[in-house]
Amino acid sequence: MAKSPSSTKKTLIITFNTNMDIYNVAIVAHVDHGKTTLVDALLKASESFDTHKGIEERAMDSNDQEKERGITIYAKNAAITYKGKKINIVDTPGHSDFGSEVERVPRTVDAVILVVDAYEGPMPQTKFVLRKSLELGHKVLVVINKIDKPMARPDTVVDLTFDLFGNLGASDDQLDFPYIYAVAKDGVAIRDLNDEKKDITPLIDFIFENVKPAETNTDAAFRMQPATLKYDNFLGRIAIGRVYEGTLKPNESVTVMKADGSKYTGKITKIFAFEGMEKYEIPEASAGDMVAVAGLPEIYVGETITNDASSEALPAIKVDPPALAIEFMVNDSPFAGREGKYVTSRHIKDRLEKELETNVGLKIEAVAGKDSLKVFGRGEMHIAVLIETMRREGYELQISQPEVIMREIDGQKSEPIETAVINVPDEMAGSIIEALGRRKGVMKDMKSENGNTLLEFEIPTRGLLGFRSTFLLLTRGEGTLYHSFEKYVPFLGPIEKRDVGSMISGENGSTMAYSLWKLQERGPLFIGAATEVYEGMIIGEHNQGTDIVVNANKNKKLTNVRSSGADEALSLTTTVPITLETAIEYIKDDEYAEITPTRVRLRKKHLTENERKRAK
Ligand SMILES: Nc1nc2c(ncn2[C@@H]2O[C@H](COP(=O)(O)OP(=O)(O)OP(=O)(O)O)[C@@H](O)[C@H]2O)c(=O)[nH]1
Ligand SMILES: [Mg+2]
């Protein structure tokens with residue numbers, strides 16, 4: 001189709017049409033079930049200007065870490081126009097650590113599209129996002145995706161999804177959900193499994209049929225509620241959300257109503273709407289649409305922006321509280337400041353405060369009597385993504401073991417428990433059941449099918465901390481493990497975190513292959529030869545369950561001593577290098593991880609043996 005001039009970027013304002021029907025939908029699912037791929041397919045089908053040109057795979061996952069990890073981290077808006085109608089789509093993350101992104105979004109839409117993998121069926125996070133959507137009374141449309149998988153069982157998955165709706169207390173209306181099949185990867189959707197697989201348009205028509213267009217009461221006062229925040233170097237904080245009623249032009253003054261009931265006035269300088277993956281400046285925000293507004297540097301999620309100070313605030317957005325905290329502090333190891341550009345506590349504090357402006361699930365708190373900050377997040381990965389971003393920016397810091405946040409409920413200390421769903425080859429099920437049992441997991445279900453065992457556990461979040469590496473070891477990477485917050489229960493008593501101790505360097509200096517070669521019998525090593533170490537640095541695991549102090553810097557006492565530590569004649573079993581994620585999993589409460597732009601080192605909080613004895 002030849003492009004008319006009106007469909008180019010510059011004149012996009014022409015496509016802004018207040019009379020256009022608008023459909024606001026959020027796409028939710030368990031991790032990897034194909035949400036972002038489905039949004040790609042929709043963008044490619046869009047009739048509007050050049051959205052479908054040069055869309056790379058999972059283009060919505062635009063952040064560096066999203067690309068590298070292959071997952072969505074931040075909820076994002078996009079929009080397509082088709083047959084003269086507009087669909088605002090919010091793509092959400094499926095990983096449970098980014099659940100707060102999902103909790104906020106459904107409030108801004110009229111319907112939710114639940115994607116379910118045609119082989120895996122509903123998984124822990126399917127339940128979480130569906131529960132949130134049903135609670136809001138939303139209509140839920142189901143897309144059974146990946147029907148091309150060799151083991152796909154689309155009909156069974158529809159039944160399982162129906163059961164899940166039932167278990168979660170869906171209303172009769174919700175229970176009668178419409179569904180459609182898709183191969184998002186190939187950009188096709190079909191109503192009936194026997195239909196010809198042509199393109200994605202059946203899904204678009206399916207949305208038009210089953211979602212009510214947004215209400216567009218433009219006579220009322222302007223009211224909008226931000227659900228996500230972005231930071232722009234030129235414009236500052238940008239609030240993205242839905243206009244519930246009324247209209248607003250740039251430079252009109254507005255009143256912001258905060259969650260605590262207080263108000264202040266401000267001015268919105270620019271208004272944007274979405275088209276494809278981009279946002280474009282528009283002359284007026286209008287009821288029913290999703291817009292991004294700039295000009296309110298203090299704006300926060302869930303607040304109400306209005307042009308009539310006497311209008312009512314929109315209902316607050318409820319977000320589950322953080323489940324986990326990690327202490328961030330200045331790196332005070334002997335190697336501090338070697339690799340980082342920003343290393344002081346002020347640097348770290350300022351950076352974290354900036355992060356709070358847009359990272360809604362995150363909280364920080366000063367630690368009494370210490371020059372450190374506690375960072376609260378939804379899960380290990382939520383905080384790990386932040387640490388990774390910081391080290392890429394040149395920050396250096398030290399972190400503590402993650403701690404699960406307890407809550408006082410009805411006068412009782414309570415802790416979060418999660419549903420964990422595990423799929424492993426049959427012969428490995430026994431060791432997994434044992435390992436989770438030790439971590440206070442309670443088995444809820446067990447099924448074996450085609451040589452694979454599917455296990456469902458309820459397990460305290462504490463029990464899952466650090467479990468992933470054990471899981472990988474026990475299953476040799478052949479299993480899958482998903483978990484998602486379920487509820488708070490009274491505290492279940494102590495859990496021993498790991499039954500291996502650390503191998504600790506007793507000296508400063510450089511490691512020698514000869515020493516390491518002898519030490520490797522005592523447990524896996526984290527570092528190789530010719531690596532600089534300091535007294536108190538953890539260089540490996542001790543498989544006897546206790547900490548031991550070792551000297552990794554000794555060389556062979558021979559006359560023909562080699563000058564280099566890297567003695568090729570000695571073959572070291574492979575070392576297990578410490579990554580940010582493994583560090584967070586590994587450290588015990590008397591240990592720290594130092595994170596610099598180029599290194600991750602583990603250390604004891606107290607570096608010398610004497611200090612450690614005294615601290616006991
Ligand atoms: N076989 C098959 N694979 C698909 C299909 N749709 C998506 N995938 C693949 O599934 C993987 C995950 O896809 P994503 O679109 O990133 O999944 P997501 O739901 O957005 O994942 P998160 O955002 O991390 O929760 C990618 O490797 C896709 O290529 C499909 O229809 N069939
Ligand atoms: Mg995604």
# chains A, B, ... in the order shown; residues from 1 in each chain; ligands from 1

$ residues_around --residues "segment 526-542 of chain A" --least-positions-apart "6" --cutoff "6 Å" --atoms "only C-alpha atoms" --output "compact mmCIF listing (two decimals) with C-alpha atoms, in the first residue's frame"
# COMPACT_ATOMS: atom_id res chain seq x y z
CA VAL A 500 27.96 -25.58 52.67
CA GLY A 501 30.42 -23.21 54.22
CA SER A 502 32.73 -20.76 52.55
CA MET A 503 36.37 -21.17 51.69
CA ILE A 504 37.99 -17.95 52.82
CA SER A 505 41.33 -16.54 51.83
CA GLY A 506 43.56 -15.97 54.86
CA GLU A 507 46.07 -13.82 52.99
CA ASN A 508 46.37 -10.88 50.68
CA GLY A 509 48.05 -11.60 47.39
CA SER A 510 47.60 -13.45 44.16
CA THR A 511 46.32 -17.00 43.83
CA MET A 512 48.57 -19.79 42.64
CA ALA A 513 47.38 -22.70 40.52
CA GLY A 565 50.70 -18.39 39.02
CA ALA A 566 49.05 -19.90 35.99
CA THR A 575 35.75 -22.70 38.47
CA VAL A 576 32.23 -21.42 39.03
CA PRO A 577 32.47 -17.70 38.42
CA LEU A 602 32.22 -12.29 47.92
CA ARG A 603 33.63 -11.55 51.35
CA LYS A 604 33.06 -12.12 55.03
CA LEU A 607 37.78 -9.92 57.29
CA THR A 608 40.11 -11.46 59.87

$ select_by_dssp --residues "segment 15-154 of chain A" --states "strand (DSSP E)" --output "PyMOL selection string"
chain A and resi 22-29+76-82+85-91+111-117+139-145

$ residues_around --residues "segment 156-163 of chain A" --least-positions-apart "4" --cutoff "10 Å" --atoms "only C-alpha atoms" --output "list in words"
Leu114, Val116, Asp117, Ala118, Tyr119, Glu120, Gly121, Pro122, Met123, Thr126, Lys127, Leu130, Val142, Val143, Ile144, Ala152, Asn167, Leu168, Gly169, Ala170, Gln174, Leu175, Asp176, Phe177, Tyr179, Ile180 and Tyr181 of chain A

$ residues_near_ligand --ligand "ligand 2" --cutoff "9 Å" --atoms "only C-alpha atoms and all ligand atoms" --output "short mmCIF file (atom, residue, chain, number, x, y, z; two decimals) with C-alpha atoms, in the first residue's frame"
data_model
loop_
_atom_site.label_atom_id
_atom_site.label_comp_id
_atom_site.auth_asym_id
_atom_site.auth_seq_id
_atom_site.Cartn_x
_atom_site.Cartn_y
_atom_site.Cartn_z
CA ALA A 29 0.31 -13.92 31.27
CA VAL A 31 6.45 -15.45 31.95
CA ASP A 32 7.34 -16.45 28.36
CA HIS A 33 3.85 -17.35 27.24
CA GLY A 34 4.22 -14.91 24.35
CA LYS A 35 2.75 -11.52 25.35
CA THR A 36 5.44 -9.36 23.76
CA THR A 37 5.53 -11.50 20.63
CA LEU A 38 1.78 -11.08 20.36
CA VAL A 39 2.07 -7.29 20.66
CA ARG A 58 10.06 -8.63 20.63
CA MET A 60 8.69 -3.82 22.84
CA ASP A 61 11.42 -5.29 25.06
CA GLU A 66 15.10 -6.87 28.75
CA GLY A 70 14.74 -12.15 27.05
CA ILE A 71 12.00 -11.01 29.39
CA THR A 72 9.84 -7.95 29.84
CA ILE A 73 10.68 -5.90 32.93
CA TYR A 74 8.63 -2.74 32.51
CA ALA A 75 5.01 -2.44 31.44
CA ASP A 91 2.33 -5.14 27.43
CA THR A 92 3.17 -6.32 30.95
CA PRO A 93 5.95 -8.46 32.42
CA GLY A 94 5.17 -12.07 33.30
CA HIS A 95 7.97 -12.60 35.79
#

$ atom_distance --atom1 "atom CA of Asn553 of chain A" --atom2 "atom CA of Ala583 of chain A"
23.1 Å

$ select_by_dssp --residues "segment 245-389 of chain A" --states "helix (DSSP H, G or I)" --output "list of chain:residue names"
A:Ser345, A:Arg346, A:His347, A:Ile348, A:Lys349, A:Asp350, A:Arg351, A:Leu352, A:Glu353, A:Lys354, A:Glu355, A:Leu356, A:Glu380, A:Met381, A:His382, A:Ile383, A:Ala384, A:Val385, A:Leu386, A:Ile387, A:Glu388, A:Thr389

$ residues_around --residues "segment 201-211 of chain A" --least-positions-apart "3" --cutoff "8 Å" --atoms "only C-alpha atoms" --output "list in words"
Tyr23, Leu42, Ala45, Asp110, Ala111, Lys139, Leu141, Pro178, Ile180, Val188, Ala189, Ile190 and Arg191 of chain A

$ residues_around --residues "Asn452 of chain A" --least-positions-apart "5" --cutoff "6 Å" --atoms "only C-alpha atoms" --output "list in words"
Val424, Pro425 and Asp426 of chain A

$ write_last_selection --atoms "N, CA and C atoms" --output "PDB file, in the first residue's frame"
ATOM      1  N   VAL A 424      10.134 -31.594  36.244  1.00  0.00           N
ATOM      2  CA  VAL A 424      11.456 -32.232  36.129  1.00  0.00           C
ATOM      3  C   VAL A 424      11.315 -33.654  35.602  1.00  0.00           C
ATOM      4  N   PRO A 425      12.390 -34.200  35.019  1.00  0.00           N
ATOM      5  CA  PRO A 425      12.358 -35.614  34.646  1.00  0.00           C
ATOM      6  C   PRO A 425      12.044 -36.465  35.889  1.00  0.00           C
ATOM      7  N   ASP A 426      11.246 -37.528  35.703  1.00  0.00           N
ATOM      8  CA  ASP A 426      10.765 -38.340  36.828  1.00  0.00           C
ATOM      9  C   ASP A 426      11.843 -38.702  37.844  1.00  0.00           C
TER      10      ASP A 426
END

$ atom_distance --atom1 "atom CA of Val421 of chain A" --atom2 "atom CA of Glu458 of chain A"
8.9 Å

$ atom_distance --atom1 "atom CA of Glu245 of chain A" --atom2 "atom CA of Asp308 of chain A"
11.5 Å
